[in-house]
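Here is start-v4.txt, consisting of compact mmCIF, C-alpha atoms:
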```
# COMPACT_ATOMS: atom_id res chain seq x y z
CA MET A 1 -30.61 51.28 120.79
CA ASP A 2 -34.00 52.32 122.02
CA ASN A 3 -32.40 54.50 124.68
CA GLU A 4 -31.55 57.12 122.02
CA GLU A 5 -33.83 60.02 121.22
CA ARG A 6 -34.89 60.24 117.60
CA ALA A 7 -36.91 63.42 117.18
CA ASP A 8 -36.38 63.63 113.44
CA ALA A 9 -33.66 61.03 112.75
CA GLY A 10 -33.09 62.40 109.25
CA LEU A 11 -36.08 60.55 107.84
CA ASP A 12 -39.38 62.16 106.87
CA VAL A 13 -42.37 59.83 106.85
CA SER A 14 -45.80 60.67 105.41
CA LEU A 15 -48.85 58.54 104.68
CA GLU A 16 -51.36 58.42 101.84
CA ASN A 17 -54.13 56.03 100.85
CA VAL A 18 -53.90 54.94 97.23
CA GLY A 19 -56.14 52.36 95.59
CA GLY A 20 -56.64 50.32 98.74
CA PHE A 21 -52.97 50.53 99.74
CA SER A 22 -51.44 52.48 102.58
CA LEU A 23 -48.60 54.29 100.89
CA ILE A 24 -45.67 55.27 103.12
CA HIS A 25 -43.58 58.05 101.58
CA LEU A 26 -40.02 58.20 102.88
CA ALA A 27 -37.51 61.00 102.35
CA GLY A 28 -34.00 60.87 103.78
CA GLU A 29 -31.75 58.11 105.06
CA VAL A 30 -32.84 54.75 106.45
CA ASP A 31 -30.23 53.34 108.82
CA VAL A 32 -29.87 52.11 112.37
CA TYR A 33 -30.80 55.58 113.66
CA SER A 34 -33.91 56.23 111.59
CA ALA A 35 -35.21 52.72 110.89
CA PRO A 36 -37.21 52.52 114.18
CA LYS A 37 -39.36 55.37 112.83
CA LEU A 38 -40.26 53.26 109.78
CA ARG A 39 -40.78 50.16 111.92
CA GLU A 40 -43.23 52.01 114.16
CA THR A 41 -45.10 53.41 111.14
CA ILE A 42 -45.58 49.95 109.61
CA LYS A 43 -46.50 48.48 112.99
CA GLY A 44 -49.09 51.23 113.54
CA LEU A 45 -50.66 50.69 110.13
CA VAL A 46 -50.97 46.94 110.67
CA GLU A 47 -52.42 47.43 114.15
CA ASP A 48 -55.02 49.71 112.58
CA GLY A 49 -55.96 46.95 110.16
CA ASN A 50 -54.05 48.19 107.11
CA CYS A 51 -52.31 45.12 105.78
CA ASN A 52 -51.73 46.23 102.21
CA ILE A 53 -48.76 48.55 102.35
CA VAL A 54 -46.44 50.09 99.79
CA VAL A 55 -43.27 51.93 100.84
CA ASP A 56 -42.16 54.67 98.46
CA LEU A 57 -38.34 54.74 98.37
CA GLU A 58 -37.98 57.23 95.55
CA ARG A 59 -36.71 60.01 97.81
CA VAL A 60 -34.56 57.75 99.97
CA ALA A 61 -30.92 58.77 99.69
CA PHE A 62 -29.50 55.86 101.67
CA LEU A 63 -30.69 52.42 102.77
CA ASP A 64 -28.70 49.73 104.56
CA SER A 65 -29.41 46.31 106.03
CA THR A 66 -31.19 47.77 109.05
CA GLY A 67 -33.71 49.37 106.68
CA LEU A 68 -34.01 46.13 104.74
CA GLY A 69 -34.59 44.29 108.01
CA VAL A 70 -37.48 46.60 108.88
CA LEU A 71 -39.06 46.08 105.46
CA VAL A 72 -38.64 42.30 105.76
CA GLY A 73 -40.16 42.42 109.24
CA GLY A 74 -43.11 44.38 107.84
CA LEU A 75 -43.50 41.92 105.00
CA LYS A 76 -43.62 38.97 107.41
CA ARG A 77 -46.14 40.81 109.55
CA VAL A 78 -48.57 41.56 106.70
CA LYS A 79 -48.10 38.15 105.04
CA HIS A 80 -49.19 36.58 108.29
CA LEU A 81 -52.44 38.54 107.90
CA ARG A 82 -52.73 37.74 104.17
CA GLY A 83 -51.66 41.23 103.23
CA GLU A 84 -48.92 42.55 100.99
CA LEU A 85 -45.97 44.89 101.34
CA GLY A 86 -44.41 46.30 98.21
CA ILE A 87 -42.01 49.08 97.39
CA ILE A 88 -41.86 51.89 94.86
CA CYS A 89 -38.33 52.41 93.63
CA ASN A 90 -36.63 53.35 90.41
CA GLN A 91 -33.25 54.25 91.90
CA GLU A 92 -30.53 51.89 90.76
CA LYS A 93 -28.43 52.38 93.90
CA ILE A 94 -31.32 51.23 96.10
CA LEU A 95 -32.52 48.46 93.76
CA ARG A 96 -28.99 47.03 93.75
CA ILE A 97 -29.27 46.38 97.48
CA PHE A 98 -32.48 44.44 96.95
CA ARG A 99 -30.85 42.45 94.13
CA ILE A 100 -27.69 41.59 96.10
CA THR A 101 -29.75 40.28 99.01
CA GLY A 102 -32.20 38.43 96.77
CA LEU A 103 -35.11 40.51 98.02
CA THR A 104 -36.32 41.42 94.52
CA LYS A 105 -37.86 37.93 94.61
CA VAL A 106 -40.01 38.60 97.64
CA PHE A 107 -41.10 42.24 97.40
CA PRO A 108 -43.47 43.46 94.70
CA ILE A 109 -41.51 46.34 93.17
CA TYR A 110 -43.22 49.21 91.37
CA ARG A 111 -41.20 51.64 89.29
CA SER A 112 -43.39 54.62 90.18
CA ARG A 113 -46.63 55.67 91.82
CA GLU A 114 -48.23 55.44 88.36
CA ASP A 115 -46.93 51.89 87.99
CA LEU A 116 -48.54 51.00 91.33
CA LEU A 117 -51.85 52.57 90.27
CA ALA A 118 -51.77 50.73 86.93
CA ASN A 119 -51.21 47.43 88.73
CA VAL A 120 -54.04 48.15 91.17
CA LYS A 121 -56.42 48.83 88.25
CA GLU A 122 -55.38 45.64 86.46
CA ALA A 123 -55.89 43.49 89.56
CA MET B 124 -4.93 42.26 111.30
CA PRO B 125 -1.97 44.25 109.87
CA GLY B 126 -2.75 47.88 109.06
CA LYS B 127 -2.48 49.34 105.57
CA GLU B 128 -0.19 52.25 104.84
CA GLY B 129 -1.31 55.68 103.71
CA THR B 130 -2.71 58.93 105.04
CA VAL B 131 -4.68 58.20 108.18
CA PHE B 132 -7.83 59.91 109.42
CA GLU B 133 -9.39 58.76 112.64
CA LEU B 134 -12.84 59.32 114.10
CA GLU B 135 -13.64 58.35 117.66
CA MET B 136 -17.34 58.50 118.32
CA PRO B 137 -19.84 57.49 120.97
CA ALA B 138 -21.39 54.10 120.35
CA LYS B 139 -24.69 55.67 119.38
CA ALA B 140 -26.82 55.17 116.27
CA LYS B 141 -27.04 58.88 115.50
CA TYR B 142 -23.32 59.07 114.70
CA VAL B 143 -23.28 56.35 112.05
CA GLY B 144 -24.19 58.93 109.40
CA LEU B 145 -21.11 60.93 110.37
CA ALA B 146 -18.83 57.93 109.75
CA ARG B 147 -20.48 57.46 106.32
CA LEU B 148 -20.11 61.12 105.48
CA MET B 149 -16.43 61.12 106.29
CA ALA B 150 -15.84 58.03 104.14
CA ALA B 151 -17.73 59.62 101.24
CA SER B 152 -15.68 62.83 101.53
CA ILE B 153 -12.35 61.00 101.48
CA ALA B 154 -13.44 58.68 98.64
CA ARG B 155 -14.74 61.57 96.55
CA ARG B 156 -11.46 63.41 96.97
CA MET B 157 -9.68 60.24 95.78
CA ASN B 158 -11.84 60.23 92.62
CA PHE B 159 -13.82 57.11 93.42
CA ALA B 160 -16.87 56.74 91.18
CA GLU B 161 -20.19 57.65 92.80
CA GLU B 162 -21.31 54.01 92.67
CA SER B 163 -18.20 52.97 94.58
CA ILE B 164 -18.81 55.72 97.12
CA ASP B 165 -22.33 54.37 97.63
CA ASP B 166 -20.81 50.90 98.18
CA LEU B 167 -18.37 52.28 100.76
CA LYS B 168 -21.12 54.15 102.61
CA ILE B 169 -23.17 50.97 102.97
CA ALA B 170 -20.19 48.87 104.08
CA ILE B 171 -19.19 51.45 106.70
CA SER B 172 -22.76 51.81 107.89
CA GLU B 173 -22.95 48.04 108.36
CA MET B 174 -19.65 47.87 110.26
CA CYS B 175 -20.55 50.80 112.53
CA THR B 176 -24.03 49.40 113.16
CA ASN B 177 -22.51 46.07 114.18
CA ALA B 178 -20.00 47.83 116.41
CA ILE B 179 -22.68 49.90 118.12
CA VAL B 180 -24.94 46.92 118.65
CA HIS B 181 -22.08 44.82 120.02
CA THR B 182 -20.63 47.62 122.12
CA GLY B 183 -23.77 47.78 124.18
CA ASN B 184 -26.80 49.42 122.69
CA GLY B 185 -25.45 52.95 122.80
CA LEU B 186 -25.59 53.26 126.58
CA ALA B 187 -23.75 56.35 127.79
CA GLU B 188 -21.22 54.49 129.91
CA LYS B 189 -20.18 52.18 127.10
CA PRO B 190 -16.83 52.78 125.41
CA PRO B 191 -16.67 54.67 122.11
CA ILE B 192 -15.97 53.08 118.75
CA THR B 193 -13.09 54.12 116.51
CA VAL B 194 -13.29 54.47 112.74
CA ARG B 195 -9.90 54.64 111.02
CA TYR B 196 -9.66 55.66 107.38
CA VAL B 197 -6.48 54.97 105.42
CA GLU B 198 -6.18 56.79 102.12
CA GLY B 199 -3.59 54.66 100.35
CA ASP B 200 -2.07 54.50 96.91
CA GLY B 201 -5.10 53.40 94.89
CA PHE B 202 -7.24 52.18 97.76
CA LEU B 203 -9.31 53.27 100.70
CA ASN B 204 -9.23 51.10 103.79
CA VAL B 205 -11.67 51.63 106.66
CA GLU B 206 -11.36 49.90 110.01
CA VAL B 207 -14.04 49.97 112.71
CA ARG B 208 -12.98 49.00 116.20
CA ASP B 209 -15.26 48.41 119.17
CA GLN B 210 -14.59 47.37 122.74
CA GLY B 211 -17.64 45.17 123.02
CA PRO B 212 -17.93 41.59 124.18
CA GLY B 213 -16.68 40.15 120.86
CA PHE B 214 -17.81 36.94 119.20
CA ASP B 215 -16.55 33.87 117.39
CA PRO B 216 -15.68 35.11 113.85
CA ALA B 217 -16.62 31.69 112.43
CA ILE B 218 -20.21 32.90 112.63
CA LEU B 219 -19.47 35.24 109.70
CA ASP B 220 -19.01 32.27 107.37
CA LYS B 221 -22.37 30.76 108.20
CA LYS B 222 -24.85 30.87 105.35
CA ARG B 223 -28.12 32.68 105.91
CA GLU B 224 -31.09 30.44 106.58
CA GLY B 225 -33.56 31.47 103.91
CA ILE B 226 -34.06 34.69 102.03
CA LEU B 227 -36.03 36.38 104.82
CA SER B 228 -33.65 35.46 107.63
CA LYS B 229 -31.51 38.02 109.44
CA GLY B 230 -27.94 38.78 108.47
CA PHE B 231 -28.08 40.95 105.37
CA GLY B 232 -25.27 43.15 106.64
CA ILE B 233 -22.29 40.84 106.22
CA ALA B 234 -23.58 39.62 102.84
CA LEU B 235 -23.83 43.23 101.70
CA ILE B 236 -20.34 44.13 102.89
CA LYS B 237 -18.80 41.14 101.12
CA SER B 238 -20.60 42.01 97.89
CA LEU B 239 -19.75 45.69 97.87
CA VAL B 240 -16.05 45.88 98.75
CA ASP B 241 -12.86 44.19 97.52
CA GLU B 242 -11.61 42.97 100.89
CA PHE B 243 -13.37 42.34 104.19
CA GLU B 244 -11.68 41.14 107.37
CA CYS B 245 -12.97 40.73 110.86
CA ASP B 246 -11.01 39.91 113.98
CA SER B 247 -13.00 39.34 117.12
CA ARG B 248 -12.33 37.68 120.42
CA VAL B 249 -14.80 36.86 123.13
CA ASP B 250 -14.38 39.64 125.73
CA GLY B 251 -11.70 41.24 123.54
CA GLY B 252 -13.58 43.56 121.22
CA THR B 253 -13.93 43.45 117.44
CA VAL B 254 -12.02 45.01 114.56
CA ALA B 255 -13.74 44.93 111.17
CA SER B 256 -11.95 46.24 108.11
CA ILE B 257 -12.84 46.81 104.47
CA THR B 258 -10.76 47.87 101.48
CA LYS B 259 -12.00 49.25 98.19
CA TYR B 260 -9.58 49.74 95.30
CA LEU B 261 -9.68 52.52 92.76
CA LYS B 262 -10.26 51.02 89.35
CA PRO B 263 -9.33 52.61 86.02
CA GLU B 264 -12.98 53.34 85.24
CA ASN B 265 -13.13 55.19 88.57
CA GLY B 266 -10.72 57.71 87.14
CA GLY B 267 -8.01 56.47 89.49
CA ALA B 268 -4.71 54.67 89.10
```
Can you dump the structure from the file as structure tokens?
Amino acid sequence: MDNEERADAGLDVSLENVGGFSLIHLAGEVDVYSAPKLRETIKGLVEDGNCNIVVDLERVAFLDSTGLGVLVGGLKRVKHLRGELGIICNQEKILRIFRITGLTKVFPIYRSREDLLANVKEA
Amino acid sequence: MPGKEGTVFELEMPAKAKYVGLARLMAASIARRMNFAEESIDDLKIAISEMCTNAIVHTGNGLAEKPPITVRYVEGDGFLNVEVRDQGPGFDPAILDKKREGILSKGFGIALIKSLVDEFECDSRVDGGTVASITKYLKPENGGA
């Protein structure tokens, strides 16, 4: 599906550095149309040497298996480099998807940005 | 795969990723009008997104000359049925029953569909296209029948 143009793709992506993590803020829908944007963002961060990544899903209105696949791909990529990829999410409808697929067992999940910061300080 | 009876809405769309959101939106609109609970509407949106994604991938990567996919919504008495039909190369449906190899392996889509809807059927033939269908029933707590 790389022959389609995706100028915006209904997904806003912004970056922030927080406590040694690259924090990816997402807003919008993550599906087969927009997921390549997230994949490229993660890939770019890793290529720049940022292997500790957290993806903020708090403003994500929709996530399907294509989005999960991109997150899993990112996780494998950073694990290979002894990094970590976690998520921030407190939305039940999104967390359900992680539970159904068993992915709550493999992703560190933070309830909020503050929760992430608290964990970083404790570590 | 016998069709279900009810009021039919049909969407024919190019096999392109950017139209998957439209198929979801239409399902959500019909389900909301039927008084499905918001959680059930979220379930339907994911299931339809998965079916359309599979159809687009199998139909041929969204290339312009590839045939469109058809999404058929049946608003029945106490249920919503959605069928996604592509004219792609098809596959052996037995693959759908295979268990995923490890938690990080591919294939979340079918597992999600099966978990989120009441019925899931898929009829596919090599070189004969694929028809995937889901049904979600209104439950009393949904405010329905």
What residues in chain A have any atom no more than 10 Å from chain B when counting all atoms listed in the file, and can you write them as a PDB file with C-alpha atoms, in the coordinates of the input?
```pdb
ATOM      1  CA  MET A   1     -30.610  51.280 120.790  1.00  0.00           C
ATOM      2  CA  ASP A   2     -34.000  52.320 122.020  1.00  0.00           C
ATOM      3  CA  ASN A   3     -32.400  54.500 124.680  1.00  0.00           C
ATOM      4  CA  GLU A   4     -31.550  57.120 122.020  1.00  0.00           C
ATOM      5  CA  GLU A   5     -33.830  60.020 121.220  1.00  0.00           C
ATOM      6  CA  ARG A   6     -34.890  60.240 117.600  1.00  0.00           C
ATOM      7  CA  ALA A   9     -33.660  61.030 112.750  1.00  0.00           C
ATOM      8  CA  GLY A  10     -33.090  62.400 109.250  1.00  0.00           C
ATOM      9  CA  GLU A  29     -31.750  58.110 105.060  1.00  0.00           C
ATOM     10  CA  ASP A  31     -30.230  53.340 108.820  1.00  0.00           C
ATOM     11  CA  VAL A  32     -29.870  52.110 112.370  1.00  0.00           C
ATOM     12  CA  TYR A  33     -30.800  55.580 113.660  1.00  0.00           C
ATOM     13  CA  SER A  34     -33.910  56.230 111.590  1.00  0.00           C
ATOM     14  CA  ALA A  61     -30.920  58.770  99.690  1.00  0.00           C
ATOM     15  CA  PHE A  62     -29.500  55.860 101.670  1.00  0.00           C
ATOM     16  CA  LEU A  63     -30.690  52.420 102.770  1.00  0.00           C
ATOM     17  CA  ASP A  64     -28.700  49.730 104.560  1.00  0.00           C
ATOM     18  CA  SER A  65     -29.410  46.310 106.030  1.00  0.00           C
ATOM     19  CA  THR A  66     -31.190  47.770 109.050  1.00  0.00           C
ATOM     20  CA  LEU A  68     -34.010  46.130 104.740  1.00  0.00           C
ATOM     21  CA  GLY A  69     -34.590  44.290 108.010  1.00  0.00           C
ATOM     22  CA  VAL A  72     -38.640  42.300 105.760  1.00  0.00           C
ATOM     23  CA  GLY A  73     -40.160  42.420 109.240  1.00  0.00           C
ATOM     24  CA  LEU A  75     -43.500  41.920 105.000  1.00  0.00           C
ATOM     25  CA  LYS A  76     -43.620  38.970 107.410  1.00  0.00           C
ATOM     26  CA  GLU A  92     -30.530  51.890  90.760  1.00  0.00           C
ATOM     27  CA  LYS A  93     -28.430  52.380  93.900  1.00  0.00           C
ATOM     28  CA  ILE A  94     -31.320  51.230  96.100  1.00  0.00           C
ATOM     29  CA  ILE A  97     -29.270  46.380  97.480  1.00  0.00           C
ATOM     30  CA  PHE A  98     -32.480  44.440  96.950  1.00  0.00           C
ATOM     31  CA  ILE A 100     -27.690  41.590  96.100  1.00  0.00           C
ATOM     32  CA  THR A 101     -29.750  40.280  99.010  1.00  0.00           C
ATOM     33  CA  GLY A 102     -32.200  38.430  96.770  1.00  0.00           C
ATOM     34  CA  LEU A 103     -35.110  40.510  98.020  1.00  0.00           C
ATOM     35  CA  LYS A 105     -37.860  37.930  94.610  1.00  0.00           C
ATOM     36  CA  VAL A 106     -40.010  38.600  97.640  1.00  0.00           C
TER      37      VAL A 106
END
```
I'd like the neighbourhood of Leu38 of chain A as a PDB file with C-alpha atoms, in the coordinates of the input, where a residue qualifies if any of its atoms comes within 10 Å (using only C-alpha atoms), though same-chain residues fewer than 2 positions away should be ignored.
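Wrote it out as around33.pdb, contents follow:
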```pdb
ATOM      1  CA  LEU A  11     -36.080  60.550 107.840  1.00  0.00           C
ATOM      2  CA  ASP A  12     -39.380  62.160 106.870  1.00  0.00           C
ATOM      3  CA  VAL A  13     -42.370  59.830 106.850  1.00  0.00           C
ATOM      4  CA  ILE A  24     -45.670  55.270 103.120  1.00  0.00           C
ATOM      5  CA  LEU A  26     -40.020  58.200 102.880  1.00  0.00           C
ATOM      6  CA  VAL A  30     -32.840  54.750 106.450  1.00  0.00           C
ATOM      7  CA  SER A  34     -33.910  56.230 111.590  1.00  0.00           C
ATOM      8  CA  ALA A  35     -35.210  52.720 110.890  1.00  0.00           C
ATOM      9  CA  PRO A  36     -37.210  52.520 114.180  1.00  0.00           C
ATOM     10  CA  GLU A  40     -43.230  52.010 114.160  1.00  0.00           C
ATOM     11  CA  THR A  41     -45.100  53.410 111.140  1.00  0.00           C
ATOM     12  CA  ILE A  42     -45.580  49.950 109.610  1.00  0.00           C
ATOM     13  CA  LYS A  43     -46.500  48.480 112.990  1.00  0.00           C
ATOM     14  CA  GLY A  44     -49.090  51.230 113.540  1.00  0.00           C
ATOM     15  CA  VAL A  55     -43.270  51.930 100.840  1.00  0.00           C
ATOM     16  CA  GLY A  67     -33.710  49.370 106.680  1.00  0.00           C
ATOM     17  CA  VAL A  70     -37.480  46.600 108.880  1.00  0.00           C
ATOM     18  CA  LEU A  71     -39.060  46.080 105.460  1.00  0.00           C
ATOM     19  CA  GLY A  74     -43.110  44.380 107.840  1.00  0.00           C
TER      20      GLY A  74
END
```
* To do: Enter the distance from atom CA of Gly20 of chain A to atom CA of Arg99 of chain A, in Å, rounded to one decimal.
  => 27.4 Å
* Asked: If you count only C-alpha atoms, which residues fall within 12 Å of Gly83 of chain A, apart from same-chain ones fewer than 6 positions away, as a list in words?
  ->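 Everything that qualifies: Gly20, Phe21, Ser22, Leu45, Val46, Gly49, Asn50, Cys51, Asn52, Ile53, Val54, Gly74, Leu75, Lys76 and Arg77 of chain A.
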* To do: Excluding Asp56 of chain A and residues on its chain fewer than 2 positions from it, collect all residues at most 12 Å away from it, counting all atoms listed in the file, and give them as a VMD selection string.
  => chain A and resid 12 to 16 18 21 to 28 38 53 to 54 58 to 60 71 85 to 91 94 108 to 116
* **Closest of B:Ala217, B:Leu203, B:Ala255, B:Val249 to Asn158 of chain B - atom-to-atom distances counting all atoms listed in the file** => B:Leu203
* Asked: When distances are computed from only C-alpha atoms, which of B:Pro190, B:Tyr196, B:Met174, B:Glu133 shows the smallest separation from Ala151 of chain B?
  ->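 Checking each of B:Pro190, B:Tyr196, B:Met174, B:Glu133 against Ala151 of chain B, counting only C-alpha atoms, the winner is B:Tyr196.
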* Would you work out the distance separating atom CA of Leu57 of chain A from atom CA of Met136 of chain B, expressed in Å to one decimal? =>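 Value for the atom CA of Leu57 of chain A-atom CA of Met136 of chain B distance: 29.2 Å.
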* To do: Considering only C-alpha atoms, state which residue in the set B:Ile218, B:Leu145, B:Ala178, B:Leu261 is at the smallest distance from Phe159 of chain B.
  =>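 Between B:Ile218, B:Leu145, B:Ala178, B:Leu261, the residue approaching Phe159 of chain B most closely is B:Leu261.
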* Asked: Between atom CA of Arg147 of chain B and atom CA of Leu95 of chain A, what is the distance, to one decimal in Å?
  ->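 Straight-line distance from atom CA of Arg147 of chain B to atom CA of Leu95 of chain A works out to 19.6 Å.
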* Residue contacts of Lys237 of chain B (10 Å, all atoms listed in the file) excluding same-chain residues fewer than 6 positions away, as a list in words -> Ala170, Phe243, Glu244 and Ile257 of chain B
What are the centre and edge lengths in Å, to one decimal, of the axis-aligned box around all listed atoms of segment 89-108 of chain A with 3 Å added on each side, as lines of an AutoDock Vina configuration file?
```
center_x = -35.6
center_y = 46.1
center_z = 94.7
size_x = 21.8
size_y = 22.3
size_z = 14.6
```
